[in-house]
Every structure is written in C-alpha cells, then in structure tokens.
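**Q** See upload_18.cif below, with mmCIF, C-alpha atoms.
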```
data_coords
#
loop_
_atom_site.label_atom_id
_atom_site.label_comp_id
_atom_site.auth_asym_id
_atom_site.auth_seq_id
_atom_site.Cartn_x
_atom_site.Cartn_y
_atom_site.Cartn_z
CA MET U 1 8.83 -12.43 -1.16
CA LYS U 2 9.48 -16.06 -0.26
CA PRO U 3 13.18 -16.93 -0.17
CA THR U 4 12.95 -20.19 -2.16
CA PRO U 5 10.23 -22.12 -4.03
CA SER U 6 10.16 -24.66 -1.18
CA PHE U 7 8.34 -22.01 0.84
CA ASN U 8 5.45 -22.08 -1.64
CA ARG U 9 3.59 -24.48 0.65
CA SER U 10 3.65 -21.77 3.32
CA LEU U 11 0.47 -19.99 2.41
CA TRP U 12 0.39 -16.29 3.01
CA VAL U 13 -3.15 -15.14 3.47
CA PHE U 14 -4.74 -11.75 3.05
CA HIS U 15 -8.05 -11.21 4.80
CA LEU U 16 -10.65 -8.92 3.24
CA ASN U 17 -13.87 -7.97 4.98
CA SER U 18 -16.45 -7.06 2.35
CA GLY U 19 -19.21 -6.19 4.82
CA SER U 20 -19.15 -9.02 7.31
CA CYS U 21 -20.79 -8.86 10.77
CA ASN U 22 -17.34 -9.80 12.21
CA GLY U 23 -18.50 -13.28 13.24
CA CYS U 24 -16.26 -14.83 10.59
CA GLU U 25 -13.40 -12.55 11.62
CA ILE U 26 -13.64 -13.85 15.19
CA GLU U 27 -13.39 -17.41 13.87
CA ILE U 28 -10.44 -16.51 11.62
CA VAL U 29 -8.66 -15.05 14.64
CA ALA U 30 -9.57 -18.18 16.62
CA THR U 31 -8.02 -20.25 13.82
CA LEU U 32 -4.77 -18.33 14.15
CA MET U 33 -4.56 -18.82 17.92
CA PRO U 34 -2.18 -21.35 19.55
CA ARG U 35 -4.92 -23.99 19.84
CA TYR U 36 -4.66 -24.60 16.07
CA ASP U 37 -1.44 -22.67 15.40
CA PRO U 38 -1.38 -22.74 11.58
CA GLU U 39 1.77 -20.61 11.59
CA ARG U 40 3.81 -23.75 12.36
CA PHE U 41 3.02 -24.66 8.72
CA GLY U 42 4.01 -21.19 7.56
CA ILE U 43 0.39 -20.10 7.15
CA LYS U 44 0.00 -16.52 8.28
CA LEU U 45 -1.95 -13.36 7.63
CA VAL U 46 -0.19 -10.66 5.66
CA GLY U 47 -1.00 -6.97 5.52
CA SER U 48 -1.01 -6.53 1.75
CA PRO U 49 -2.59 -8.53 -1.09
CA LYS U 50 0.68 -8.10 -2.96
CA HIS U 51 2.32 -10.55 -0.54
CA ALA U 52 -0.52 -13.05 -0.52
CA ASP U 53 -1.15 -16.44 -2.12
CA VAL U 54 -4.68 -16.70 -0.79
CA ILE U 55 -7.31 -14.07 -0.21
CA LEU U 56 -9.93 -14.78 2.47
CA VAL U 57 -13.10 -12.86 1.75
CA THR U 58 -15.78 -12.55 4.42
CA GLY U 59 -19.15 -10.85 4.18
CA PRO U 60 -21.78 -10.60 1.46
CA VAL U 61 -20.03 -7.77 -0.52
CA THR U 62 -21.83 -4.49 -0.07
CA LYS U 63 -22.15 -2.11 -3.02
CA LYS U 64 -19.61 0.22 -1.44
CA MET U 65 -17.10 -2.61 -1.15
CA ALA U 66 -17.55 -4.22 -4.58
CA ASP U 67 -14.95 -2.04 -6.33
CA ARG U 68 -12.53 -2.45 -3.46
CA VAL U 69 -12.94 -6.22 -3.47
CA LYS U 70 -12.24 -6.30 -7.23
CA ARG U 71 -9.23 -4.03 -6.90
CA THR U 72 -7.79 -6.03 -4.00
CA TYR U 73 -8.30 -9.30 -5.91
CA GLU U 74 -6.51 -7.87 -8.95
CA GLN U 75 -3.53 -6.91 -6.81
CA VAL U 76 -2.84 -10.46 -5.59
CA PRO U 77 0.00 -11.96 -7.66
CA ASP U 78 -0.74 -15.03 -9.77
CA PRO U 79 -1.34 -17.87 -9.10
CA LYS U 80 -3.91 -16.99 -6.46
CA VAL U 81 -6.76 -18.66 -4.67
CA VAL U 82 -9.87 -16.99 -3.32
CA MET U 83 -11.55 -18.43 -0.23
CA CYS U 84 -15.08 -17.41 0.64
CA ILE U 85 -15.52 -17.66 4.41
CA GLY U 86 -19.06 -17.89 5.72
CA THR U 87 -22.59 -18.21 4.42
CA CYS U 88 -22.92 -14.49 3.65
CA GLY U 89 -20.23 -14.67 1.01
CA GLU U 90 -21.82 -17.74 -0.56
CA SER U 91 -25.39 -16.54 -0.82
CA GLY U 92 -25.79 -13.26 1.01
CA GLY U 93 -26.93 -15.18 4.10
CA VAL U 94 -29.41 -13.30 6.23
CA PHE U 95 -28.72 -10.20 4.11
CA TYR U 96 -29.57 -11.95 0.82
CA ASP U 97 -32.31 -9.49 -0.21
CA SER U 98 -30.70 -6.34 1.15
CA TYR U 99 -30.79 -3.23 -1.05
CA SER U 100 -27.11 -2.58 -0.36
CA LEU U 101 -25.60 -5.81 -1.68
CA ALA U 102 -23.55 -6.27 -4.84
CA GLY U 103 -22.69 -9.85 -3.87
CA PRO U 104 -22.52 -12.71 -3.13
CA ILE U 105 -18.76 -12.86 -3.59
CA ASP U 106 -18.75 -14.97 -6.75
CA ASP U 107 -20.83 -12.29 -8.47
CA VAL U 108 -17.89 -9.93 -7.98
CA ILE U 109 -14.72 -12.08 -8.17
CA PRO U 110 -14.11 -15.77 -8.95
CA VAL U 111 -14.10 -17.98 -5.84
CA ASP U 112 -12.10 -21.22 -5.56
CA VAL U 113 -12.98 -22.51 -2.10
CA TYR U 114 -16.22 -22.06 -0.17
CA VAL U 115 -16.27 -22.53 3.60
CA SER U 116 -19.85 -22.65 4.83
CA GLY U 117 -21.12 -21.69 8.25
CA CYS U 118 -22.45 -18.73 10.13
CA PRO U 119 -19.73 -18.42 11.19
CA PRO U 120 -17.68 -21.46 10.13
CA ARG U 121 -15.68 -23.20 12.86
CA PRO U 122 -11.87 -22.96 12.80
CA GLU U 123 -11.65 -26.63 11.77
CA ALA U 124 -13.75 -25.83 8.69
CA ILE U 125 -11.52 -22.87 7.82
CA ILE U 126 -8.40 -25.05 8.16
CA HIS U 127 -10.05 -27.68 5.94
CA GLY U 128 -10.70 -24.92 3.39
CA VAL U 129 -7.06 -23.83 3.56
CA VAL U 130 -5.98 -27.42 2.80
CA LYS U 131 -8.27 -27.38 -0.25
CA ALA U 132 -6.85 -24.00 -1.24
CA LEU U 133 -3.33 -25.37 -0.96
CA ALA U 134 -4.23 -28.29 -3.24
CA LYS U 135 -5.75 -25.89 -5.78
CA LEU U 136 -2.72 -23.61 -5.61
CA GLU U 137 -0.38 -26.54 -6.23
CA ARG U 138 -2.45 -27.47 -9.29
CA LEU U 139 -2.27 -23.89 -10.55
CA GLU U 140 1.48 -23.72 -9.96
CA ALA U 141 2.02 -27.02 -11.77
CA ALA U 142 0.02 -25.78 -14.77
CA PRO U 143 2.16 -24.42 -17.62
CA MET M 1 48.61 3.52 -2.97
CA ALA M 2 49.66 5.05 -6.26
CA LEU M 3 46.13 6.16 -7.13
CA THR M 4 45.61 7.93 -3.82
CA LEU M 5 45.33 11.68 -3.95
CA SER M 6 46.27 13.13 -0.58
CA THR M 7 45.26 16.61 0.41
CA GLY M 8 45.63 18.51 3.64
CA SER M 9 42.15 17.49 4.77
CA GLY M 10 41.90 13.88 3.58
CA PHE M 11 42.39 11.58 0.60
CA TRP M 12 40.58 10.45 -2.53
CA ASN M 13 41.04 7.07 -4.15
CA PRO M 14 39.04 5.70 -7.11
CA VAL M 15 39.49 2.08 -5.92
CA VAL M 16 37.76 2.88 -2.63
CA TRP M 17 34.89 4.40 -4.59
CA LEU M 18 34.64 1.37 -6.87
CA ILE M 19 34.50 -0.95 -3.84
CA ALA M 20 31.81 1.25 -2.24
CA ILE M 21 29.75 1.23 -5.46
CA ALA M 22 30.12 -2.58 -5.73
CA VAL M 23 28.86 -2.99 -2.12
CA VAL M 24 25.85 -0.74 -2.86
CA VAL M 25 25.07 -2.69 -6.05
CA VAL M 26 25.19 -6.00 -4.13
CA VAL M 27 22.86 -4.63 -1.40
CA VAL M 28 20.44 -3.28 -4.05
CA TYR M 29 20.47 -6.64 -5.84
CA LEU M 30 19.75 -8.54 -2.60
CA VAL M 31 16.81 -6.23 -1.80
CA TRP M 32 15.53 -6.52 -5.39
CA ARG M 33 15.79 -10.33 -5.27
CA ARG M 34 13.61 -10.41 -2.15
CA GLY M 35 10.79 -8.77 -4.16
CA GLU M 36 7.73 -10.60 -5.47
CA ALA M 37 8.59 -12.06 -8.85
CA GLY M 38 5.16 -13.46 -9.71
CA TYR M 39 3.44 -10.29 -10.80
CA THR M 40 2.06 -9.24 -14.15
CA ALA M 41 3.62 -6.07 -15.49
CA GLY M 42 1.16 -3.39 -16.54
CA SER M 43 -1.70 -4.87 -14.44
CA ALA M 44 -3.25 -3.67 -11.19
CA GLN M 45 -0.59 -5.72 -9.41
CA VAL M 46 1.95 -2.95 -9.93
CA LYS M 47 -0.31 -0.24 -8.52
CA PRO M 48 -0.04 0.74 -4.85
CA PHE M 49 -2.39 -0.97 -2.41
CA ILE M 50 -4.44 1.68 -0.62
CA SER M 51 -6.86 -0.59 1.25
CA GLY M 52 -8.57 -1.36 -2.05
CA ASN M 53 -9.28 2.29 -2.81
CA ALA M 54 -8.51 3.70 -6.25
CA GLU M 55 -5.22 5.52 -6.52
CA PRO M 56 -6.00 9.24 -6.51
CA ALA M 57 -4.49 11.54 -9.12
CA LYS M 58 -1.02 12.77 -8.23
CA LYS M 59 -2.24 16.37 -7.97
CA VAL M 60 -4.92 15.37 -5.46
CA ALA M 61 -2.60 13.23 -3.35
CA GLN M 62 0.32 15.62 -3.45
CA MET M 63 1.03 17.45 -0.22
CA PRO M 64 2.63 20.83 -0.88
CA ALA M 65 5.75 21.68 1.10
CA SER M 66 4.01 24.86 2.30
CA ASN M 67 1.92 22.61 4.58
CA LEU M 68 5.01 22.15 6.71
CA TYR M 69 5.03 25.78 7.79
CA TRP M 70 1.28 26.27 7.84
CA GLY M 71 1.34 27.26 11.53
CA PHE M 72 3.92 29.92 10.82
CA THR M 73 1.98 31.53 7.98
CA GLU M 74 -1.25 31.24 9.98
CA ALA M 75 0.30 32.98 13.00
CA LEU M 76 1.65 35.79 10.78
CA SER M 77 -1.42 35.96 8.52
CA GLY M 78 -1.88 39.68 9.29
CA TYR M 79 1.59 40.34 7.88
CA TYR M 80 1.25 37.98 4.92
CA SER M 81 -2.16 39.37 3.91
CA ARG M 82 -0.48 42.75 3.30
CA VAL M 83 2.85 41.60 1.88
CA VAL M 84 1.72 38.85 -0.50
CA PRO M 85 -0.50 41.15 -2.68
CA ALA M 86 2.50 43.48 -3.07
CA HIS M 87 4.41 40.64 -4.79
CA THR M 88 2.84 41.24 -8.17
CA GLY M 89 5.75 39.82 -10.18
CA ILE M 90 5.86 43.02 -12.27
CA VAL M 91 9.33 44.59 -12.36
CA THR M 92 8.08 48.15 -12.70
CA ASP M 93 6.04 47.69 -9.49
CA TYR M 94 9.19 46.69 -7.66
CA LEU M 95 11.10 49.64 -9.11
CA LEU M 96 8.31 51.87 -7.86
CA TRP M 97 8.75 50.39 -4.38
CA VAL M 98 12.50 51.08 -4.55
CA LEU M 99 11.77 54.63 -5.65
CA TRP M 100 9.27 55.26 -2.84
CA VAL M 101 11.49 53.73 -0.15
CA THR M 102 14.57 55.66 -1.42
CA ALA M 103 12.55 58.88 -1.43
CA ALA M 104 11.29 58.19 2.10
CA LEU M 105 14.83 57.46 3.34
CA PHE M 106 16.12 60.56 1.57
CA LEU M 107 13.52 62.70 3.30
CA LEU M 108 14.33 61.08 6.62
CA VAL M 109 18.02 61.81 6.20
CA VAL M 110 17.40 65.40 5.08
CA ILE M 111 14.93 66.11 7.93
CA THR M 112 17.12 64.63 10.63
#
```
Please express the file's structure as structure tokens.

**A**
Amino acid sequence: MKPTPSFNRSLWVFHLNSGSCNGCEIEIVATLMPRYDPERFGIKLVGSPKHADVILVTGPVTKKMADRVKRTYEQVPDPKVVMCIGTCGESGGVFYDSYSLAGPIDDVIPVDVYVSGCPPRPEAIIHGVVKALAKLERLEAAP
Amino acid sequence: MALTLSTGSGFWNPVVWLIAIAVVVVVVYLVWRRGEAGYTAGSAQVKPFISGNAEPAKKVAQMPASNLYWGFTEALSGYYSRVVPAHTGIVTDYLLWVLWVTAALFLLVVIT
C-alpha cells in the first residue's frame, strides 16, 4: 500500500482489543492526539490488518477472542511486529485467574514488544513503537 | 480516417477502441501496483478480513436476489400462497390448466 520503500518507516498500526477494559484504548487515543501527534512521522491507525506493519493488542485475550486474535495476526503481511499494550496482555493483570481467559497474549500469538502499565502512559506506548520500528527494520533487513 | 466506419447514427474505429483499452489497462495496472505486495499467497493473508471472524461458507453468506423484493411477496402472500403450489413444473398439469381455462372461456362465450 505504501508508494515507495522509503515510506517503510511510516508505521501503520492496527489496534486489536482482545478483551481490554478500554483503559489502554483511552491511552492509545491519547497517544494519537495532537499533544504527541505521531502522525507527523507517518504513524497512524489503519482499519484492516492487511494494511498494517504493527498490530497493537490490548487486553488479556478472552477465550471468545483467542481465535479472532490468531486470525487477525495471520492476516498481517510479513514482516510484522506485535505490540502488547498493558499489563493484562502481559500476564492477565487483575484478570489473571479468570475462567474466561485464553491468554496472556503470548500464549496465543508471538509478541515482539511489551509495554507495561495499567494503563501505560502515551510516552511508554511511543517508546514501544520506537522499539517496534527497530525490530521491523531488523526483520526487513533479514534475507 | 481510413479505418473509420461511418453509419447514419455514429462511427466505429478500431484505433479508438485500442486507445480506450490501453487507457483501461494503464489504470488497472496503477491500481494493482498500489496493492500490498508483501503477502504470502495461499495463507490467511489472502482471505477477507471480517473483524477476525472466520469466513462463512459461500452458501451461508450468500444473499438471494429474492430478498430485494421481499416486501412485495410479503404484501401479496395471499396471492402467492395459491399460485406458487400450482407451479408444479409438470407439463401435463399446465396442459390441464389450459384445457380447463379454454373450457371455461368456451362456456362463457356460448352462454353470453
């Protein structure tokens, strides 16, 4: 979708809520607001995983969502980076012993970048995106 | 032009058609080039994205054209409930209908 390879540094991000309380979503939206304005670097949310370089997963992955998370992950073109946003995705968080969990996220799909916090601050999410960019560049450079 | 065929209502020229086809091919190529190249053929990446849901079977997802005139058939259901069973698809049944209707018309003509 990107016109030339020089746009590869403009990360297109797909956000997937796997059962989050929406706290992380609020922080993701805050990250996209003019205060931080990541779109000036070409970083933006896209509506389909097929257009994405990075997939942001929030929430602890409920059993109902596990298949959908896997399917969405598989539909992101390679190379791809998965970012886990929030403590729930890392460990289940306050829902860690819930009967309805299939997660945490790395039990369902491979995760490249973890951003901790409940919810993480926008600065932490941006730091994670920088790490994701570095990982993506390594993947793209790989034969 | 020598290749132009003129008729009373217009003209036809193969060169014009070739130019039109070339323009369409260029537009199609430009659209195709804008597509995502980094996908793996035969993987889930070529399947449609339906919010992460599995793609239903074509028969399940298919919407019959009859849905478009559902209101019409519903409003005239009293009529359709009588007429549809008569459409048996058996030719002799239809011939019987022709026979009955012809006989009825014949009687009508004779009586009046």

**Q** On this file, the PyMOL selection byres ((chain U and resi 124-141) around 8) gives some set of residues; write that set as a PyMOL selection string.

**A** chain U and resi 9+11+28+31+54+79-83+85+112-116+120-123+142-143

**Q** Within 9 Å of Glu25 in chain U, counting only C-alpha atoms, which residues qualify if same-chain residues fewer than 6 places away don't, as a list of chain:residue names?

**A**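 Neighbouring residues, sequence-local ones excluded: U:His15, U:Asn17, U:Thr58, U:Pro119.
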
**Q** Could you give me, as a tab-separated table, every chain M residue with an atom at most 12 Å from chain U, plus its closest atom pair and distance in Å to one decimal, counting all atoms listed in the file, rows ordered by chain then number?

**A**
```
residue	atom	partner	partner_atom	distance
M:Leu30	CA	U:Pro3	CA	10.9
M:Val31	CA	U:Met1	CA	10.1
M:Trp32	CA	U:Met1	CA	9.9
M:Arg33	CA	U:Met1	CA	8.4
M:Arg34	CA	U:Met1	CA	5.3
M:Gly35	CA	U:Met1	CA	5.1
M:Glu36	CA	U:Met1	CA	4.8
M:Ala37	CA	U:Met1	CA	7.7
M:Gly38	CA	U:Pro77	CA	5.8
M:Tyr39	CA	U:Pro77	CA	4.9
M:Thr40	CA	U:Pro77	CA	7.3
M:Ala41	CA	U:Pro77	CA	10.4
M:Gly42	CA	U:Gln75	CA	11.4
M:Ser43	CA	U:Glu74	CA	7.9
M:Ala44	CA	U:Gln75	CA	5.5
M:Gln45	CA	U:Gln75	CA	4.1
M:Val46	CA	U:Gln75	CA	7.4
M:Lys47	CA	U:Gln75	CA	7.6
M:Pro48	CA	U:Gln75	CA	8.6
M:Phe49	CA	U:Ser48	CA	7.1
M:Ile50	CA	U:Thr72	CA	9.1
M:Ser51	CA	U:Arg68	CA	7.6
M:Gly52	CA	U:Arg68	CA	4.3
M:Asn53	CA	U:Arg68	CA	5.8
M:Ala54	CA	U:Arg71	CA	7.8
M:Glu55	CA	U:Arg71	CA	10.4
```

**Q** Mind giving me the straight-line distance from CA of Gly89 in chain U to CA of Ala102 in chain U in Å, one decimal?

**A**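 Between CA of Gly89 in chain U and CA of Ala102 in chain U the gap works out to 10.8 Å.
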
**Q** With only C-alpha atoms as the basis for distance, which of U:Gly117, U:Val111, U:Ile105, U:Trp12 is at the shortest distance from Asp53 in chain U?

**A**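 For Asp53 in chain U, the nearest of the given residues is U:Trp12.
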
**Q** Any idea what's packed within 6 Å of Gly59 in chain U, counting all atoms listed in the file, ignoring anything in its chain fewer than 4 positions away? Could you give it as a list in words?

**A** Ser18, Gly19, Ser20, Cys88 and Gly89 of chain U

**Q** Between CA of Gly103 in chain U and CA of Lys64 in chain U, what is the distance in Å, rounded to a tenth?

**A**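 Between these atoms lies a distance of 10.8 Å.
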
**Q** One number please: CA of Ala86 in chain M to CA of Ala104 in chain M, in Å, one decimal.

**A**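 Computing it gives 17.9 Å between the two atoms.
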
**Q** Between U:Leu32, U:Val46, U:Val94, U:Val108, which has the minimum distance to Val61 in chain U (counting all atoms listed in the file)?

**A**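 Going through U:Leu32, U:Val46, U:Val94, U:Val108 one by one, the smallest distance to Val61 in chain U is for U:Val108.
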